[in-house]
Protein chains: 2
Amino acid sequence: MGVTKTQNYTDEHNEIAIFGKAFSHPARVAIITHLLKAKACINSHLVEELGLAQATVSQHLKELKGIGIIQGTVEGTSVSYCINPEVWSLVKSRFVEIFNQFEDPANDCC
Amino acid sequence: MGVTKTQNYTDEHNEIAIFGKAFSHPARVAIITHLLKAKACINSHLVEELGLAQATVSQHLKELKGIGIIQGTVEGTSVSYCINPEVWSLVKSRFVEIFNQFEDPANDCC
DNA sequence: TTAATCAATCGTAATATAGCAATAAAGTAT
DNA sequence: ATACTTTATTGCTATATTACGATTGATTAA
């Protein structure tokens with residue numbers, strides 16, 4: 001997408017943007033919500049679940065893993081993914097922090 | 001980016017992905033947090049604030065406006081932007097909904 | 001060993017995004 | 001009317017993303 005000027009922004013803003021990316025594609029949202037429901041940490045089910053090619057799902061998983069929001073462990077031939085609790089709560093607190101910064105304008109602004 | 005297969009996903013997942021895009025770029029995060037602080041709804045200040053070209057900022061504003069998370073009103077020559085309260089609370093509740101779906105695994109899964 | 005299975009990676013095509021300069025559009029002021 | 005200010009739009013380039021088929025690597029089953 002053309003080179004994002006990361007150095008222009010604060011670390012906080014860059015961090016949120018990275019976390020935001022996890023939620024910026026429906027496939028990743030679907031993966032995340034699936035892992036939330038199935039705490040048992042499935043995988044490969046995701047391929048049929050999503051209706052995407054195996055390579056595509058693998059790519060999304062890689063991205064989510066890169067962000068840190070999920071983690072995977074090998075179990076024989078297959079790999080089991082689940083939400084990373086620490087990162088999840090970090091993401092949550094970062095976003096909640098932002099969400100709560102908004103004060104409804106009894107004083108209308110626009 | 002290659003055509004996202006929107007029809008593969010639920011409306012909920014697609015909606016979250018759209019909202020997520022608002023937070024998936026540091027410039028947009030910077031714009032949002034700035035508007036949160038300055039409830040007074042500035043604009044054009046953003047150009048110097050961000051260190052991006054005017055056209056680039058305008059593009060991010062357009063995108064955020066398209067998502068609905070911000071709104072702008074013309075004030076003479078300039079335009080005043082602010083957070084859209086209704087959409088903001090919708091976004092907030094959607095994300096909080098997801099964040100709270102996670103139950104920390106006393107039962108470790110991976 | 002040989003098949004079979006599963007997931008990661010590679011290579012490629014199509015499309016979207018980020019960024020900017022230049023221009024247009026619309027108001028304000030002189 | 002003319003100049004000035006401010007924002008939106010256009011046109012363009014470079015880079016990132018999405019998606020997939022094919023291949024590779026690793027593990028299990030026969």
# chains A, B, ... in the order shown; residues from 1 in each chain; ligands from 1
$ closest_atom_pairs --of "chain B" --to "chain C" --cutoff "9 Å" --atoms "only C-alpha atoms (C1' of nucleotides)" --output "Markdown table"
| residue | atom | partner | partner_atom | distance |
| --- | --- | --- | --- | --- |
| B:Met1 | CA | C:DT15 | C1' | 4.2 |
| B:Gly2 | CA | C:DT15 | C1' | 4.4 |
| B:Val3 | CA | C:DT15 | C1' | 6.3 |
| B:Leu52 | CA | C:DG19 | C1' | 8.3 |
| B:Ala53 | CA | C:DC20 | C1' | 6.7 |
| B:Gln54 | CA | C:DC20 | C1' | 8.9 |
| B:Ala55 | CA | C:DC20 | C1' | 7.3 |
| B:Thr56 | CA | C:DG19 | C1' | 6.2 |
| B:Gly76 | CA | C:DG27 | C1' | 6.0 |
| B:Thr77 | CA | C:DG27 | C1' | 4.9 |
| B:Ser78 | CA | C:DG27 | C1' | 8.6 |
$ residues_around --residues "Gln7 (chain B)" --least-positions-apart "3" --cutoff "12 Å" --atoms "only C-alpha atoms (C1' of nucleotides)" --output "PyMOL selection string"
(chain A and resi 26-27+50-52) or (chain B and resi 3-4+10-14)
$ write_last_selection --atoms "N, CA and C atoms" --output "short mmCIF file (atom, residue, chain, number, x, y, z; two decimals), in the first residue's frame"
data_model
loop_
_atom_site.label_atom_id
_atom_site.label_comp_id
_atom_site.auth_asym_id
_atom_site.auth_seq_id
_atom_site.Cartn_x
_atom_site.Cartn_y
_atom_site.Cartn_z
N PRO A 26 -12.30 -9.73 7.45
CA PRO A 26 -13.32 -10.64 7.96
C PRO A 26 -12.82 -12.06 8.21
N ALA A 27 -11.87 -12.52 7.43
CA ALA A 27 -11.34 -13.86 7.65
C ALA A 27 -10.64 -13.93 9.00
N LEU A 50 -14.04 -21.51 6.85
CA LEU A 50 -13.95 -20.21 6.19
C LEU A 50 -14.26 -20.26 4.70
N GLY A 51 -14.12 -21.43 4.10
CA GLY A 51 -14.33 -21.50 2.65
C GLY A 51 -13.22 -20.83 1.87
N LEU A 52 -12.03 -20.86 2.44
CA LEU A 52 -10.88 -20.31 1.75
C LEU A 52 -9.88 -21.43 1.52
N VAL B 3 -9.33 -9.86 -4.21
CA VAL B 3 -10.69 -9.58 -3.82
C VAL B 3 -11.09 -10.30 -2.56
N THR B 4 -11.30 -9.58 -1.49
CA THR B 4 -11.79 -10.18 -0.26
C THR B 4 -13.14 -10.83 -0.50
N THR B 10 -20.05 -13.80 7.83
CA THR B 10 -21.29 -13.27 8.38
C THR B 10 -21.27 -11.75 8.33
N ASP B 11 -22.45 -11.16 8.42
CA ASP B 11 -22.54 -9.70 8.44
C ASP B 11 -21.76 -9.14 9.61
N GLU B 12 -21.82 -9.84 10.72
CA GLU B 12 -21.13 -9.39 11.92
C GLU B 12 -19.62 -9.31 11.68
N HIS B 13 -19.09 -10.34 11.09
CA HIS B 13 -17.65 -10.37 10.85
C HIS B 13 -17.24 -9.29 9.86
N ASN B 14 -18.05 -9.10 8.84
CA ASN B 14 -17.75 -8.06 7.86
C ASN B 14 -17.82 -6.67 8.50
#
$ interface_residues --of "chain D" --to "chain B" --cutoff "10 Å" --atoms "only C-alpha atoms (C1' of nucleotides)" --output "list in words"
DT5, DT6, DT7, DA8, DT9, DA16, DT17, DT18 and DA19 of chain D
$ interface_residues --of "chain B" --to "chain A" --cutoff "7 Å" --atoms "only C-alpha atoms" --output "JSON, numbers by chain"
{"B": [8, 9, 13, 14, 16, 17, 18, 20, 21, 23, 24, 25, 26, 29, 30, 36, 39, 40, 41, 50, 51, 72, 73, 80, 81, 82, 85, 92, 99, 101, 102, 104, 109, 110]}
$ write_last_selection --atoms "N, CA and C atoms" --output "compact mmCIF listing (two decimals), in the first residue's frame"
# COMPACT_ATOMS: atom_id res chain seq x y z
N ASN B 8 -18.32 -14.81 1.98
CA ASN B 8 -17.98 -15.99 2.79
C ASN B 8 -18.28 -15.80 4.28
N TYR B 9 -18.45 -14.55 4.67
CA TYR B 9 -18.48 -14.27 6.09
C TYR B 9 -19.84 -13.75 6.54
N HIS B 13 -19.09 -10.34 11.09
CA HIS B 13 -17.65 -10.37 10.85
C HIS B 13 -17.24 -9.29 9.86
N ASN B 14 -18.05 -9.10 8.84
CA ASN B 14 -17.75 -8.06 7.86
C ASN B 14 -17.82 -6.67 8.50
N ILE B 16 -17.33 -5.87 11.69
CA ILE B 16 -16.15 -5.67 12.54
C ILE B 16 -14.92 -5.36 11.71
N ALA B 17 -14.79 -6.05 10.59
CA ALA B 17 -13.63 -5.83 9.73
C ALA B 17 -13.61 -4.39 9.22
N ILE B 18 -14.78 -3.87 8.89
CA ILE B 18 -14.86 -2.48 8.43
C ILE B 18 -14.46 -1.53 9.55
N GLY B 20 -12.67 -2.31 12.08
CA GLY B 20 -11.26 -2.58 12.38
C GLY B 20 -10.33 -1.79 11.48
N LYS B 21 -10.78 -1.58 10.24
CA LYS B 21 -9.95 -0.83 9.30
C LYS B 21 -9.70 0.60 9.78
N PHE B 23 -8.95 1.46 12.58
CA PHE B 23 -7.85 1.46 13.55
C PHE B 23 -6.59 0.78 13.01
N SER B 24 -6.61 0.42 11.75
CA SER B 24 -5.51 -0.41 11.23
C SER B 24 -4.40 0.41 10.57
N HIS B 25 -4.48 1.71 10.68
CA HIS B 25 -3.39 2.54 10.16
C HIS B 25 -3.08 3.64 11.17
N PRO B 26 -1.79 3.82 11.48
CA PRO B 26 -1.43 4.78 12.53
C PRO B 26 -1.94 6.20 12.27
N VAL B 29 -5.46 6.20 13.42
CA VAL B 29 -5.47 6.14 14.88
C VAL B 29 -5.14 7.52 15.45
N ALA B 30 -4.14 8.16 14.85
CA ALA B 30 -3.74 9.49 15.31
C ALA B 30 -4.88 10.48 15.13
N LEU B 36 -10.63 12.70 19.70
CA LEU B 36 -11.14 12.34 21.02
C LEU B 36 -10.73 13.38 22.05
N LYS B 39 -12.34 17.64 21.62
CA LYS B 39 -13.77 17.45 21.32
C LYS B 39 -14.27 18.61 20.49
N ALA B 40 -13.50 19.69 20.51
CA ALA B 40 -13.87 20.88 19.76
C ALA B 40 -13.88 20.67 18.26
N CYS B 41 -13.40 19.53 17.80
CA CYS B 41 -13.50 19.19 16.38
C CYS B 41 -12.72 20.08 15.43
N LEU B 50 0.13 15.60 11.70
CA LEU B 50 0.52 14.26 11.24
C LEU B 50 1.81 14.24 10.42
N GLY B 51 2.17 15.36 9.85
CA GLY B 51 3.34 15.37 9.01
C GLY B 51 3.15 14.62 7.71
N GLY B 72 -18.15 15.35 9.40
CA GLY B 72 -17.60 16.69 9.19
C GLY B 72 -18.67 17.67 8.78
N THR B 73 -18.49 18.88 9.25
CA THR B 73 -19.41 19.94 8.82
C THR B 73 -18.60 21.11 8.32
N SER B 80 -14.97 21.12 9.82
CA SER B 80 -14.75 20.70 11.20
C SER B 80 -15.17 19.24 11.36
N TYR B 81 -14.26 18.44 11.84
CA TYR B 81 -14.55 17.02 12.03
C TYR B 81 -14.71 16.67 13.49
N CYS B 82 -15.52 15.67 13.74
CA CYS B 82 -15.62 15.14 15.10
C CYS B 82 -16.08 13.69 15.06
N PRO B 85 -20.99 10.15 17.57
CA PRO B 85 -21.28 9.48 18.84
C PRO B 85 -21.98 8.14 18.67
N LYS B 92 -17.69 0.58 19.73
CA LYS B 92 -17.26 0.21 21.08
C LYS B 92 -17.95 -1.06 21.55
N PHE B 99 -14.18 -8.74 22.97
CA PHE B 99 -13.14 -8.82 24.00
C PHE B 99 -13.61 -9.64 25.20
N GLN B 101 -15.63 -12.08 25.15
CA GLN B 101 -15.89 -13.48 24.84
C GLN B 101 -14.78 -14.38 25.31
N PHE B 102 -13.66 -13.78 25.61
CA PHE B 102 -12.52 -14.60 25.98
C PHE B 102 -12.55 -14.95 27.46
N ASP B 104 -10.28 -16.66 30.22
CA ASP B 104 -8.90 -17.08 30.43
C ASP B 104 -8.87 -18.57 30.77
N CYS B 109 -4.84 -24.60 26.96
CA CYS B 109 -5.29 -25.31 25.78
C CYS B 109 -4.14 -25.72 24.87
N CYS B 110 -3.17 -24.85 24.70
CA CYS B 110 -2.16 -25.14 23.68
C CYS B 110 -0.98 -25.96 24.21
$ select_by_dssp --residues "region 51-91 of chain A" --states "alpha helix (DSSP H)" --output "NGL selection string"
:A and (54-67 or 85-91)
$ write_last_selection --atoms "C-alpha atoms" --output "PDB file, in the first residue's frame"
ATOM      1  CA  GLN A  54      -5.588 -23.818   2.852  1.00  0.00           C
ATOM      2  CA  ALA A  55      -2.764 -21.527   1.811  1.00  0.00           C
ATOM      3  CA  THR A  56      -4.896 -18.452   2.396  1.00  0.00           C
ATOM      4  CA  VAL A  57      -5.963 -19.522   5.864  1.00  0.00           C
ATOM      5  CA  SER A  58      -2.393 -20.367   6.709  1.00  0.00           C
ATOM      6  CA  GLN A  59      -1.394 -16.880   5.670  1.00  0.00           C
ATOM      7  CA  HIS A  60      -3.983 -15.223   7.901  1.00  0.00           C
ATOM      8  CA  LEU A  61      -2.907 -17.429  10.781  1.00  0.00           C
ATOM      9  CA  LYS A  62       0.671 -16.412  10.203  1.00  0.00           C
ATOM     10  CA  GLU A  63      -0.288 -12.770  10.325  1.00  0.00           C
ATOM     11  CA  LEU A  64      -2.270 -13.187  13.528  1.00  0.00           C
ATOM     12  CA  LYS A  65       0.608 -15.129  15.003  1.00  0.00           C
ATOM     13  CA  GLY A  66       2.967 -12.355  13.960  1.00  0.00           C
ATOM     14  CA  ILE A  67       0.825  -9.826  15.762  1.00  0.00           C
ATOM     15  CA  PRO A  85      -4.126 -14.620  26.844  1.00  0.00           C
ATOM     16  CA  GLU A  86      -1.487 -12.004  27.645  1.00  0.00           C
ATOM     17  CA  VAL A  87      -1.615 -10.337  24.264  1.00  0.00           C
ATOM     18  CA  TRP A  88      -5.382 -10.540  24.223  1.00  0.00           C
ATOM     19  CA  SER A  89      -5.720  -8.638  27.452  1.00  0.00           C
ATOM     20  CA  LEU A  90      -3.193  -6.110  26.230  1.00  0.00           C
ATOM     21  CA  VAL A  91      -5.165  -5.567  23.043  1.00  0.00           C
TER      22      VAL A  91
END
$ select_by_dssp --residues "chain B" --states "strand (DSSP E or B)" --output "PyMOL selection string"
chain B and resi 70-75+78-83
$ atom_distance --atom1 "C1' of DT28 (chain D)" --atom2 "CA of His45 (chain A)"
18.8 Å
$ atom_distance --atom1 "CA of Glu97 (chain A)" --atom2 "CA of Gly68 (chain B)"
20.4 Å
$ decode --residues "region 32-54 of chain A" --atoms "C-alpha atoms" --output "CSV table (one decimal), in the first residue's frame"
chain,number,residue,atom,x,y,z
A,32,ILE,CA,-10.5,-15.0,16.1
A,33,THR,CA,-14.2,-15.4,17.0
A,34,HIS,CA,-13.9,-19.1,16.3
A,35,LEU,CA,-10.9,-19.5,18.6
A,36,LEU,CA,-12.8,-17.6,21.2
A,37,LYS,CA,-15.7,-20.0,21.1
A,38,ALA,CA,-13.7,-23.1,20.7
A,39,LYS,CA,-11.4,-22.6,23.6
A,40,ALA,CA,-10.3,-26.1,22.8
A,41,CYS,CA,-8.1,-24.6,20.0
A,42,ILE,CA,-8.8,-26.2,16.7
A,43,ASN,CA,-7.2,-25.8,13.4
A,44,SER,CA,-7.6,-27.0,9.8
A,45,HIS,CA,-11.2,-27.0,10.7
A,46,LEU,CA,-10.8,-23.4,9.9
A,47,VAL,CA,-10.2,-24.2,6.3
A,48,GLU,CA,-13.6,-25.7,5.8
A,49,GLU,CA,-15.1,-23.2,8.2
A,50,LEU,CA,-14.0,-20.2,6.2
A,51,GLY,CA,-14.3,-21.5,2.7
A,52,LEU,CA,-10.9,-20.3,1.7
A,53,ALA,CA,-7.9,-22.2,0.4
A,54,GLN,CA,-5.6,-23.8,2.9
